[in-house]
Amino acid sequence: MRYQVDEKGFYGDFGGAYIPEMLYPNIEELRKSYIEISEDGEFQKEFKFLLKEYVGRPTPLYFAERLSDKYNTKIYLKREDLCHTGAHKVNNTIGQILLAKRLGKNRIIAETGAGQHGVATATVCALMGIQCIVYMGELDIRRQAPNVARMKMLGAEVRPAQSGSKTLKDATNEAIRDWINNPVDTHYIIGSVVGPHPYPDMVARFQSVISSETKLQLMEKEGRDYPDHVIACVGGGSNAAGLYFHYLNDLRVNIIAVEAAGKGIDSGKSAATSALGKEGIIHGSKTLLMQTPDGQITEPYSISAGLDYPGVGPMHAHLYRSQRAEFISIPDQEAMDWGLTLSQMEGIIPAIETAHAFAVLDIKQFSPNEIIVFNCSGRGDKDLDTYIDYFKL
Amino acid sequence: MNRIDLAFQGDQKLLSIYFSAGHPNLDDTIPIIKALQSSGVDMIEIGLPFSDPLADGPTIQKSSTKALRNGMRTEKLFQQLENIRNEINIPLVLMGYFNPMMQFGIESFCQKCKSIGIDGLIIPDLPVEIYHENYKSLFDKYGLYNMFLITPQTPEDRIRYIDEVSNGFIYLVSSASVTGAKSTFGEAQAKYFNRIGNMKLKTPQLVGFGISNSATYKAASKYSRGAIIGSAFINFLEKEGVHKIANFISSIR
Ligand SMILES: Cc1ncc(COP(=O)(O)O)c(C=O)c1O
C-alpha cells in the first residue's frame with residue numbers, strides 16, 4: 001500500500017485537484033515547480049537557516065517523566081508549542097513564503113479559522129516585507145479578537161468572510177476567489193494539508209521536519225529511530241502529517257489520529273470527520289467531509305477553533321480508509337480536562353487542539369516498554385479566554 | 001440531435017440566461033423558464049445551488065445561499081422540472097458544483113437529466129482531465145453534453161484539448177475572475193476574444209462572466225456566437241420580479 005501522494009496527486013481514492021478552470025494556471029505552476037524548488041540546495045539552505053534561527057528549531061523531544069510514571073509507559077512530547085508564534089503552523093508558512101519568492105509573487109493571501117495560521121502567515125510576510133491579506137470568517141473575527149490584533153500588529157490586512165456560514169470554510173472560499181481574481185502576482189498560503197493537489201503534499205513536506213527531527217532525537221535517546229506509536233490531533237491534518245511523514249511506510253509504527261468529537265459524535269455538534277463524513281469534494285480535494293445527504297457542506301463544531309474544519313486532508317482520508325491509522329474522537333470536556341492535566345503534571349499549558357491528543361491515554365492501554373510520541377502542536381496562550389471561561393479561573 | 005446543436009445551427013447570435021433555481025422563491029423555477037422562453041431567449045442555464053460555490057461572485061453566492069434556505073435541493077429541482085418538456089423546447093443546461101452530483105450518484109444524476117430532457121451540464125469544479133478519464137463515457141451513454149470554461153490564462157494546447165473533449169459550446173470566461181456583472185470590456189478582452197477566434201476551434205463559443213447589459217452583450221457577440229448573462233439577471237429578478245422578465249430581455253437584444 002502506498003501512503004504518499006501518487007503522480008496524479010491522489011492518496012488512494014482521495015485528493016486530486018477539482019478546481020475551476022480559472023485556477024488552473026496557478027495550480028499548474030505550483031504543481032510543476034514545488035518539488036524542484038523546495039528540493040533545490042539554495043532553498044533548503046535558506047529554509048533550514050530560518051527554521052533554526054527564526055523559528056527556534058529543532059524543537060525538543062521531551063521525555064514526560066511524571067506522565068510516563070502515571071501511565072506506566074514511555075511518553076515523549078515533540079515540542080512544536082515552542083516554535084515562534086506558538087505552534088507548528090509556522091514550519092509551513094516559512095516554506096511557502098520562500099516558494100512564493102522563488103515564483104516572483106509579491107502578494108500573499110491566506111485563510112484562517114482560529115487565527116493561528118493567519119498569525120504565522122502575517123509573521124513570515126512581515127519578515128520578508130511582502131503584502132499580506134488574511135481572510136477570516138466574520139464570526140471567527142469576533143471570537144478570536146487577540147489573534148486579529150496580532151495579525152494587524154504584524155501589518156496584515158484581515159478581511160472578513162461574509163458568505164455562507166462566515167467561518168473557516170467560507171474564509172477558504174474567499175481566499176480561493178481572491179486567487180481566481182489575482183492569478184498572476186499572488187500566492188495563496190494554505191494552512192493545512194487540504195485543498196487541491198499539490199497543496200496537501202507540499203504542506204506535508206514542509207511539516208515533515210517534525211518527524212525528521214523525531215527520528216534523530218529518538219535514535220539519540222532510545223537507540224532506535226522509531227517509536228511504537230505516534231499520536232496527533234487532526235483538524236485539517238498538518239501537524240499530524242508532519243509527525244507521521246517519515247513513518248508512513250514503517251509498519252512497526254502505529255499511527256493514531258485524534259479528532260474533535262465536540263459535544264459528542266451524535267450530538268449534531270461535532271467535528272469528527274472520519275466518523276461523520278462521507279466522500280466528496282471540498283476546496284478542490286476529494287476527501288471525507290461532513291455534509292447533508294444532498295451534498296451541502298455542513299458546519300462542524302469543536303470547542304477548539306483549530307479542529308472545526310468540515311473536512312480532513314486527503315492523506316488522512318486515505319490513512320483512515322486503508323486502516324493504516326487508527327482514528328479516535330475526543331469530546332470537548334475530556335480535551336479541556338487534559339489541558340489542566342498537562343499543565344499541572346508537566347508544566348506545559350497546551351493549545352486545546354493539542355490537548356485532544358493526550359486524552360488517548362485514558363482510552364488505550366500501553367505497555368511499560370512501549371515508546372509513544374505525542375505531537376505537542378501548540379501552546380495554550382491563545383486559548384486562555386476559553387480556559388478562563390470553562391474553569392472559572 | 002441535441003437541442004444545443006440545434007440552437008447553434010445558422011449564424012444568428014445567441015442569448016443564454018443563468019439563474020439560481022429556488023431563488024427568489026422556491027417555486028419560481030418554472031415561471032422563470034417559461035418567461036425566458038417566451039421572451040425569446042435561446043438557452044437557459046439552471047443553477048443547482050451549492051453551499052460553497054467557489055467560482056462565483058457575491059451575487060450568485062447570495063442567490064445560492066437564499067435558494068438553499070428556501071429549501072431548494074437536487075431532488076426538489078428534478079421534481080419541479082419533471083414535465084418541463086411539455087412546454088419548453090429551447091436547450092436547458094444544468095450548472096452546478098460536483099459534490100451535490102456525486103452525492104446523488106453520477107450515473108443516477110445523468111439518468112435523471114436525460115429522462116427530464118436536460119441537454120447538458122456545466123460543472124465548474126470538474127476539470128476536463130478528470131471528466132475525460134472518468135465520466136465522459138457515462139455522459140455519452142445518456143446523450144448529455146458537458147461544457148467547459150476557458151479563460152484568458154488558459155494555454156493554447158489546453159484550449160485545443162478542451163475543444164477536442166467538448167460538445168455543445170465552449171464557455172469563454174471574459175476575464176480572470178469569479179462570476180459577476182461588469183459594465184464594459186477593455187482592449188485586453190478584445191485581444192483575447194480575437195486570439196480564440198483565430199484558433200478556428202470546432203466547438204462554437206459563448207462569452208460569459210461580466211455580461212451585464214446591451215453594450216457588453218453586443219460587444220461579446222461580435223467575437224463569438226453569443227453570450228451568457230447571470231449576475232445581472234439575478235439582480236434584476238431581485239429588484240423587479242419574475243413578471244418583468246420580458247423587459248430585461250428586450251433591453252439586452
Ligand atoms: C496548536 C494547533 N494544533 C492543531 C491545529 C489543527 O491543524 P492541523 O490539523 O492542520 O495541524 C491547529 C490549527 O489552528 C493549531 O493551532
# chains A, B, ... in the order shown; residues from 1 in each chain; ligands from 1
call {"tool": "residues_near_ligand", "arguments": {"ligand": "ligand 1", "cutoff": "8 Å", "atoms": "only C-alpha atoms and all ligand atoms", "output": "ChimeraX atom specification"}}
result
/A:81,86-89,112-117,191-193,233-241,305-307,350-354,376-380
call {"tool": "interface_residues", "arguments": {"of": "chain B", "to": "chain A", "cutoff": "6 Å", "atoms": "only C-alpha atoms", "output": "PDB file with C-alpha atoms, in the first residue's frame"}}
result
ATOM      1  CA  SER B  51     -23.264  25.798  -0.042  1.00  0.00           C
ATOM      2  CA  LEU B  54     -16.106  28.923  -5.011  1.00  0.00           C
ATOM      3  CA  ASN B  99     -20.231  17.489  -4.814  1.00  0.00           C
ATOM      4  CA  PRO B 100     -24.048  17.536  -4.882  1.00  0.00           C
ATOM      5  CA  GLN B 103     -23.903  12.565  -3.557  1.00  0.00           C
ATOM      6  CA  PRO B 124     -17.121  24.405 -12.906  1.00  0.00           C
ATOM      7  CA  ASP B 125     -15.104  22.307 -10.454  1.00  0.00           C
ATOM      8  CA  LEU B 126     -14.835  19.177 -12.584  1.00  0.00           C
ATOM      9  CA  ALA B 176      -9.683  36.232 -14.897  1.00  0.00           C
ATOM     10  CA  SER B 177     -12.357  36.490 -12.265  1.00  0.00           C
TER      11      SER B 177
END
call {"tool": "select_by_dssp", "arguments": {"residues": "segment 88-231 of chain B", "states": "strand (DSSP E)", "output": "list in words"}}
result
Leu92, Val93, Leu94, Met95, Gly120, Leu121, Ile122, Tyr145, Asn146, Met147, Leu149, Ile150, Ile170, Tyr171, Leu172, Val173, Gln205, Leu206, Val207, Gly208, Gly226, Ala227, Ile228 and Ile229 of chain B
call {"tool": "write_last_selection", "arguments": {"atoms": "N, CA and C atoms", "output": "CSV table (one decimal), in the first residue's frame"}}
result
chain,number,residue,atom,x,y,z
B,92,LEU,N,-31.9,23.3,-22.4
B,92,LEU,CA,-31.8,23.5,-20.9
B,92,LEU,C,-30.5,22.9,-20.4
B,93,VAL,N,-29.7,23.7,-19.7
B,93,VAL,CA,-28.4,23.2,-19.2
B,93,VAL,C,-28.5,23.3,-17.7
B,94,LEU,N,-28.0,22.3,-17.0
B,94,LEU,CA,-27.9,22.4,-15.5
B,94,LEU,C,-26.4,22.8,-15.2
B,95,MET,N,-26.3,23.8,-14.3
B,95,MET,CA,-25.0,24.3,-13.9
B,95,MET,C,-24.9,24.1,-12.4
B,120,GLY,N,-27.5,19.4,-21.3
B,120,GLY,CA,-26.1,19.4,-21.0
B,120,GLY,C,-25.9,19.9,-19.6
B,121,LEU,N,-24.6,19.8,-19.2
B,121,LEU,CA,-24.2,20.2,-17.8
B,121,LEU,C,-23.0,21.2,-17.9
B,122,ILE,N,-22.9,22.1,-16.9
B,122,ILE,CA,-21.7,22.8,-16.7
B,122,ILE,C,-21.3,22.6,-15.3
B,145,TYR,N,-24.4,16.6,-22.9
B,145,TYR,CA,-23.2,17.3,-23.2
B,145,TYR,C,-22.6,17.9,-21.9
B,146,ASN,N,-21.3,18.0,-22.0
B,146,ASN,CA,-20.7,18.7,-20.8
B,146,ASN,C,-19.8,19.9,-21.4
B,147,MET,N,-20.1,21.0,-20.8
B,147,MET,CA,-19.4,22.2,-21.4
B,147,MET,C,-18.3,22.7,-20.4
B,149,LEU,N,-15.1,25.6,-19.4
B,149,LEU,CA,-14.7,27.0,-19.5
B,149,LEU,C,-13.3,27.2,-20.0
B,150,ILE,N,-13.0,28.3,-20.6
B,150,ILE,CA,-11.6,28.7,-20.8
B,150,ILE,C,-11.5,30.1,-20.4
B,170,ILE,N,-18.2,26.1,-26.0
B,170,ILE,CA,-17.2,26.4,-25.0
B,170,ILE,C,-17.5,27.7,-24.4
B,171,TYR,N,-17.3,27.7,-23.1
B,171,TYR,CA,-17.7,28.9,-22.3
B,171,TYR,C,-16.5,29.8,-22.1
B,172,LEU,N,-16.5,30.9,-22.8
B,172,LEU,CA,-15.3,31.8,-22.8
B,172,LEU,C,-15.5,32.7,-21.6
B,173,VAL,N,-14.7,32.5,-20.5
B,173,VAL,CA,-14.8,33.4,-19.4
B,173,VAL,C,-14.1,34.7,-19.8
B,205,GLN,N,-18.4,29.1,-29.5
B,205,GLN,CA,-18.2,29.7,-28.1
B,205,GLN,C,-19.2,30.7,-27.8
B,206,LEU,N,-19.5,30.7,-26.5
B,206,LEU,CA,-20.3,31.8,-25.9
B,206,LEU,C,-19.5,32.5,-24.8
B,207,VAL,N,-19.6,33.8,-24.7
B,207,VAL,CA,-18.9,34.5,-23.7
B,207,VAL,C,-19.7,34.6,-22.5
B,208,GLY,N,-19.1,34.4,-21.3
B,208,GLY,CA,-19.8,34.6,-20.0
B,208,GLY,C,-18.9,35.3,-19.0
B,226,GLY,N,-22.3,34.4,-29.2
B,226,GLY,CA,-23.3,35.0,-28.3
B,226,GLY,C,-22.8,35.0,-26.9
B,227,ALA,N,-23.7,35.3,-25.9
B,227,ALA,CA,-23.2,35.5,-24.6
B,227,ALA,C,-24.2,35.0,-23.6
B,228,ILE,N,-23.7,34.8,-22.3
B,228,ILE,CA,-24.4,34.3,-21.2
B,228,ILE,C,-24.5,35.4,-20.1
B,229,ILE,N,-25.7,35.6,-19.7
B,229,ILE,CA,-25.9,36.6,-18.6
B,229,ILE,C,-26.4,35.9,-17.3
call {"tool": "residues_around", "arguments": {"residues": "Glu156 of chain B", "least_positions_apart": "6", "cutoff": "10 Å", "atoms": "only C-alpha atoms", "output": "MDAnalysis selection string"}}
result
chainID B and resid 162 195:196 199
call {"tool": "write_last_selection", "arguments": {"atoms": "all heavy atoms", "output": "tab-separated table (two decimals), in the first residue's frame"}}
result
chain	number	residue	atom	x	y	z
B	162	ILE	N	-9.40	20.96	-24.67
B	162	ILE	CA	-10.78	21.21	-24.25
B	162	ILE	C	-11.72	21.18	-25.47
B	162	ILE	O	-12.79	20.59	-25.43
B	162	ILE	CB	-10.89	22.56	-23.49
B	162	ILE	CG1	-10.24	22.41	-22.11
B	162	ILE	CG2	-12.33	23.03	-23.38
B	162	ILE	CD1	-10.11	23.70	-21.31
B	195	ARG	N	-7.89	36.26	-30.35
B	195	ARG	CA	-6.94	35.15	-30.33
B	195	ARG	C	-7.70	33.82	-30.40
B	195	ARG	O	-7.35	32.93	-31.19
B	195	ARG	CB	-6.11	35.23	-29.04
B	195	ARG	CG	-5.19	34.06	-28.79
B	195	ARG	CD	-4.13	34.38	-27.73
B	195	ARG	NE	-4.67	34.66	-26.40
B	195	ARG	CZ	-4.95	33.72	-25.49
B	195	ARG	NH1	-4.73	32.44	-25.78
B	195	ARG	NH2	-5.43	34.04	-24.31
B	196	ILE	N	-8.77	33.69	-29.61
B	196	ILE	CA	-9.55	32.45	-29.63
B	196	ILE	C	-10.22	32.29	-31.00
B	196	ILE	O	-10.21	31.20	-31.59
B	196	ILE	CB	-10.64	32.45	-28.53
B	196	ILE	CG1	-10.02	32.69	-27.15
B	196	ILE	CG2	-11.43	31.15	-28.55
B	196	ILE	CD1	-9.04	31.67	-26.69
B	199	MET	N	-8.15	30.74	-33.58
B	199	MET	CA	-7.76	29.34	-33.40
B	199	MET	C	-8.67	28.39	-34.18
B	199	MET	O	-8.36	27.21	-34.31
B	199	MET	CB	-7.76	28.96	-31.92
B	199	MET	CG	-6.59	29.55	-31.15
B	199	MET	SD	-6.58	29.06	-29.40
B	199	MET	CE	-6.08	27.34	-29.55
call {"tool": "atom_distance", "arguments": {"atom1": "atom CA of Gly230 of chain B", "atom2": "atom CA of Thr179 of chain B"}}
result
8.0 Å
call {"tool": "atom_distance", "arguments": {"atom1": "atom CA of Leu36 of chain B", "atom2": "atom CA of Glu87 of chain B"}}
result
12.2 Å
call {"tool": "decode", "arguments": {"residues": "segment 10-44 of chain A", "atoms": "N, CA, C and O atoms", "output": "PDB file, in the first residue's frame"}}
result
ATOM      1  N   PHE A  10      -3.086  11.904  -6.045  1.00  0.00           N
ATOM      2  CA  PHE A  10      -4.047  11.176  -5.219  1.00  0.00           C
ATOM      3  C   PHE A  10      -3.357  10.357  -4.132  1.00  0.00           C
ATOM      4  O   PHE A  10      -2.252   9.855  -4.311  1.00  0.00           O
ATOM      5  N   TYR A  11      -4.063  10.248  -3.013  1.00  0.00           N
ATOM      6  CA  TYR A  11      -3.715   9.300  -1.950  1.00  0.00           C
ATOM      7  C   TYR A  11      -4.804   8.231  -2.015  1.00  0.00           C
ATOM      8  O   TYR A  11      -5.911   8.445  -1.501  1.00  0.00           O
ATOM      9  N   GLY A  12      -4.520   7.108  -2.660  1.00  0.00           N
ATOM     10  CA  GLY A  12      -5.584   6.119  -2.847  1.00  0.00           C
ATOM     11  C   GLY A  12      -6.740   6.756  -3.601  1.00  0.00           C
ATOM     12  O   GLY A  12      -6.551   7.322  -4.679  1.00  0.00           O
ATOM     13  N   ASP A  13      -7.933   6.694  -3.006  1.00  0.00           N
ATOM     14  CA  ASP A  13      -9.117   7.266  -3.664  1.00  0.00           C
ATOM     15  C   ASP A  13      -9.210   8.787  -3.519  1.00  0.00           C
ATOM     16  O   ASP A  13     -10.090   9.405  -4.095  1.00  0.00           O
ATOM     17  N   PHE A  14      -8.352   9.368  -2.708  1.00  0.00           N
ATOM     18  CA  PHE A  14      -8.575  10.760  -2.285  1.00  0.00           C
ATOM     19  C   PHE A  14      -7.533  11.730  -2.823  1.00  0.00           C
ATOM     20  O   PHE A  14      -6.402  11.352  -3.086  1.00  0.00           O
ATOM     21  N   GLY A  15      -7.940  12.982  -2.908  1.00  0.00           N
ATOM     22  CA  GLY A  15      -7.011  14.030  -3.315  1.00  0.00           C
ATOM     23  C   GLY A  15      -7.387  14.596  -4.669  1.00  0.00           C
ATOM     24  O   GLY A  15      -8.550  14.848  -4.955  1.00  0.00           O
ATOM     25  N   GLY A  16      -6.378  14.786  -5.536  1.00  0.00           N
ATOM     26  CA  GLY A  16      -6.640  15.362  -6.847  1.00  0.00           C
ATOM     27  C   GLY A  16      -6.828  16.868  -6.774  1.00  0.00           C
ATOM     28  O   GLY A  16      -6.640  17.484  -5.718  1.00  0.00           O
ATOM     29  N   ALA A  17      -7.174  17.436  -7.915  1.00  0.00           N
ATOM     30  CA  ALA A  17      -7.382  18.890  -7.974  1.00  0.00           C
ATOM     31  C   ALA A  17      -8.689  19.166  -8.702  1.00  0.00           C
ATOM     32  O   ALA A  17      -8.722  19.287  -9.920  1.00  0.00           O
ATOM     33  N   TYR A  18      -9.783  19.218  -7.955  1.00  0.00           N
ATOM     34  CA  TYR A  18     -11.110  19.501  -8.515  1.00  0.00           C
ATOM     35  C   TYR A  18     -11.324  21.013  -8.475  1.00  0.00           C
ATOM     36  O   TYR A  18     -11.987  21.539  -7.579  1.00  0.00           O
ATOM     37  N   ILE A  19     -10.710  21.680  -9.425  1.00  0.00           N
ATOM     38  CA  ILE A  19     -10.686  23.140  -9.382  1.00  0.00           C
ATOM     39  C   ILE A  19     -11.341  23.735 -10.615  1.00  0.00           C
ATOM     40  O   ILE A  19     -11.319  23.146 -11.692  1.00  0.00           O
ATOM     41  N   PRO A  20     -11.912  24.935 -10.456  1.00  0.00           N
ATOM     42  CA  PRO A  20     -12.430  25.634 -11.624  1.00  0.00           C
ATOM     43  C   PRO A  20     -11.283  25.975 -12.583  1.00  0.00           C
ATOM     44  O   PRO A  20     -10.146  26.183 -12.140  1.00  0.00           O
ATOM     45  N   GLU A  21     -11.613  26.032 -13.853  1.00  0.00           N
ATOM     46  CA  GLU A  21     -10.599  26.303 -14.876  1.00  0.00           C
ATOM     47  C   GLU A  21      -9.813  27.580 -14.578  1.00  0.00           C
ATOM     48  O   GLU A  21      -8.632  27.690 -14.891  1.00  0.00           O
ATOM     49  N   MET A  22     -10.475  28.551 -13.942  1.00  0.00           N
ATOM     50  CA  MET A  22      -9.807  29.821 -13.643  1.00  0.00           C
ATOM     51  C   MET A  22      -8.601  29.633 -12.735  1.00  0.00           C
ATOM     52  O   MET A  22      -7.707  30.472 -12.704  1.00  0.00           O
ATOM     53  N   LEU A  23      -8.570  28.550 -11.967  1.00  0.00           N
ATOM     54  CA  LEU A  23      -7.433  28.323 -11.066  1.00  0.00           C
ATOM     55  C   LEU A  23      -6.338  27.493 -11.713  1.00  0.00           C
ATOM     56  O   LEU A  23      -5.262  27.320 -11.132  1.00  0.00           O
ATOM     57  N   TYR A  24      -6.615  26.956 -12.887  1.00  0.00           N
ATOM     58  CA  TYR A  24      -5.684  26.018 -13.495  1.00  0.00           C
ATOM     59  C   TYR A  24      -4.254  26.553 -13.608  1.00  0.00           C
ATOM     60  O   TYR A  24      -3.307  25.872 -13.201  1.00  0.00           O
ATOM     61  N   PRO A  25      -4.064  27.792 -14.125  1.00  0.00           N
ATOM     62  CA  PRO A  25      -2.677  28.266 -14.274  1.00  0.00           C
ATOM     63  C   PRO A  25      -1.931  28.355 -12.937  1.00  0.00           C
ATOM     64  O   PRO A  25      -0.764  27.969 -12.872  1.00  0.00           O
ATOM     65  N   ASN A  26      -2.598  28.830 -11.896  1.00  0.00           N
ATOM     66  CA  ASN A  26      -1.950  28.952 -10.587  1.00  0.00           C
ATOM     67  C   ASN A  26      -1.528  27.584 -10.047  1.00  0.00           C
ATOM     68  O   ASN A  26      -0.405  27.390  -9.588  1.00  0.00           O
ATOM     69  N   ILE A  27      -2.473  26.660 -10.095  1.00  0.00           N
ATOM     70  CA  ILE A  27      -2.218  25.339  -9.527  1.00  0.00           C
ATOM     71  C   ILE A  27      -1.186  24.588 -10.367  1.00  0.00           C
ATOM     72  O   ILE A  27      -0.320  23.883  -9.854  1.00  0.00           O
ATOM     73  N   GLU A  28      -1.268  24.767 -11.680  1.00  0.00           N
ATOM     74  CA  GLU A  28      -0.343  24.086 -12.572  1.00  0.00           C
ATOM     75  C   GLU A  28       1.090  24.594 -12.351  1.00  0.00           C
ATOM     76  O   GLU A  28       2.043  23.815 -12.330  1.00  0.00           O
ATOM     77  N   GLU A  29       1.217  25.902 -12.161  1.00  0.00           N
ATOM     78  CA  GLU A  29       2.530  26.478 -11.894  1.00  0.00           C
ATOM     79  C   GLU A  29       3.136  25.858 -10.628  1.00  0.00           C
ATOM     80  O   GLU A  29       4.304  25.462 -10.613  1.00  0.00           O
ATOM     81  N   LEU A  30       2.309  25.747  -9.601  1.00  0.00           N
ATOM     82  CA  LEU A  30       2.790  25.152  -8.346  1.00  0.00           C
ATOM     83  C   LEU A  30       3.126  23.677  -8.527  1.00  0.00           C
ATOM     84  O   LEU A  30       4.155  23.198  -8.059  1.00  0.00           O
ATOM     85  N   ARG A  31       2.227  22.976  -9.195  1.00  0.00           N
ATOM     86  CA  ARG A  31       2.404  21.530  -9.357  1.00  0.00           C
ATOM     87  C   ARG A  31       3.711  21.222 -10.069  1.00  0.00           C
ATOM     88  O   ARG A  31       4.446  20.306  -9.702  1.00  0.00           O
ATOM     89  N   LYS A  32       3.989  22.022 -11.086  1.00  0.00           N
ATOM     90  CA  LYS A  32       5.201  21.770 -11.866  1.00  0.00           C
ATOM     91  C   LYS A  32       6.457  22.109 -11.096  1.00  0.00           C
ATOM     92  O   LYS A  32       7.506  21.542 -11.359  1.00  0.00           O
ATOM     93  N   SER A  33       6.375  23.084 -10.168  1.00  0.00           N
ATOM     94  CA  SER A  33       7.615  23.597  -9.605  1.00  0.00           C
ATOM     95  C   SER A  33       7.852  23.276  -8.139  1.00  0.00           C
ATOM     96  O   SER A  33       8.955  23.443  -7.651  1.00  0.00           O
ATOM     97  N   TYR A  34       6.848  22.807  -7.405  1.00  0.00           N
ATOM     98  CA  TYR A  34       7.036  22.773  -5.947  1.00  0.00           C
ATOM     99  C   TYR A  34       8.137  21.820  -5.502  1.00  0.00           C
ATOM    100  O   TYR A  34       8.873  22.126  -4.567  1.00  0.00           O
ATOM    101  N   ILE A  35       8.271  20.697  -6.174  1.00  0.00           N
ATOM    102  CA  ILE A  35       9.307  19.752  -5.738  1.00  0.00           C
ATOM    103  C   ILE A  35      10.683  20.253  -6.143  1.00  0.00           C
ATOM    104  O   ILE A  35      11.615  20.303  -5.330  1.00  0.00           O
ATOM    105  N   GLU A  36      10.774  20.683  -7.380  1.00  0.00           N
ATOM    106  CA  GLU A  36      12.068  21.168  -7.860  1.00  0.00           C
ATOM    107  C   GLU A  36      12.571  22.341  -7.009  1.00  0.00           C
ATOM    108  O   GLU A  36      13.723  22.348  -6.565  1.00  0.00           O
ATOM    109  N   ILE A  37      11.692  23.306  -6.772  1.00  0.00           N
ATOM    110  CA  ILE A  37      12.111  24.469  -5.978  1.00  0.00           C
ATOM    111  C   ILE A  37      12.454  24.072  -4.546  1.00  0.00           C
ATOM    112  O   ILE A  37      13.503  24.433  -4.025  1.00  0.00           O
ATOM    113  N   SER A  38      11.573  23.286  -3.923  1.00  0.00           N
ATOM    114  CA  SER A  38      11.784  23.039  -2.490  1.00  0.00           C
ATOM    115  C   SER A  38      12.915  22.042  -2.235  1.00  0.00           C
ATOM    116  O   SER A  38      13.406  21.932  -1.120  1.00  0.00           O
ATOM    117  N   GLU A  39      13.344  21.303  -3.258  1.00  0.00           N
ATOM    118  CA  GLU A  39      14.475  20.402  -3.054  1.00  0.00           C
ATOM    119  C   GLU A  39      15.797  21.003  -3.515  1.00  0.00           C
ATOM    120  O   GLU A  39      16.861  20.405  -3.333  1.00  0.00           O
ATOM    121  N   ASP A  40      15.720  22.179  -4.076  1.00  0.00           N
ATOM    122  CA  ASP A  40      16.921  22.869  -4.527  1.00  0.00           C
ATOM    123  C   ASP A  40      17.831  23.207  -3.335  1.00  0.00           C
ATOM    124  O   ASP A  40      17.354  23.545  -2.252  1.00  0.00           O
ATOM    125  N   GLY A  41      19.118  23.123  -3.530  1.00  0.00           N
ATOM    126  CA  GLY A  41      20.088  23.315  -2.452  1.00  0.00           C
ATOM    127  C   GLY A  41      19.991  24.668  -1.767  1.00  0.00           C
ATOM    128  O   GLY A  41      19.977  24.753  -0.535  1.00  0.00           O
ATOM    129  N   GLU A  42      19.909  25.716  -2.566  1.00  0.00           N
ATOM    130  CA  GLU A  42      19.823  27.062  -2.005  1.00  0.00           C
ATOM    131  C   GLU A  42      18.551  27.236  -1.175  1.00  0.00           C
ATOM    132  O   GLU A  42      18.564  27.840  -0.107  1.00  0.00           O
ATOM    133  N   PHE A  43      17.450  26.717  -1.713  1.00  0.00           N
ATOM    134  CA  PHE A  43      16.172  26.797  -0.998  1.00  0.00           C
ATOM    135  C   PHE A  43      16.291  26.091   0.348  1.00  0.00           C
ATOM    136  O   PHE A  43      15.942  26.633   1.393  1.00  0.00           O
ATOM    137  N   GLN A  44      16.809  24.877   0.318  1.00  0.00           N
ATOM    138  CA  GLN A  44      16.943  24.086   1.542  1.00  0.00           C
ATOM    139  C   GLN A  44      17.811  24.797   2.578  1.00  0.00           C
ATOM    140  O   GLN A  44      17.520  24.784   3.771  1.00  0.00           O
TER     141      GLN A  44
END
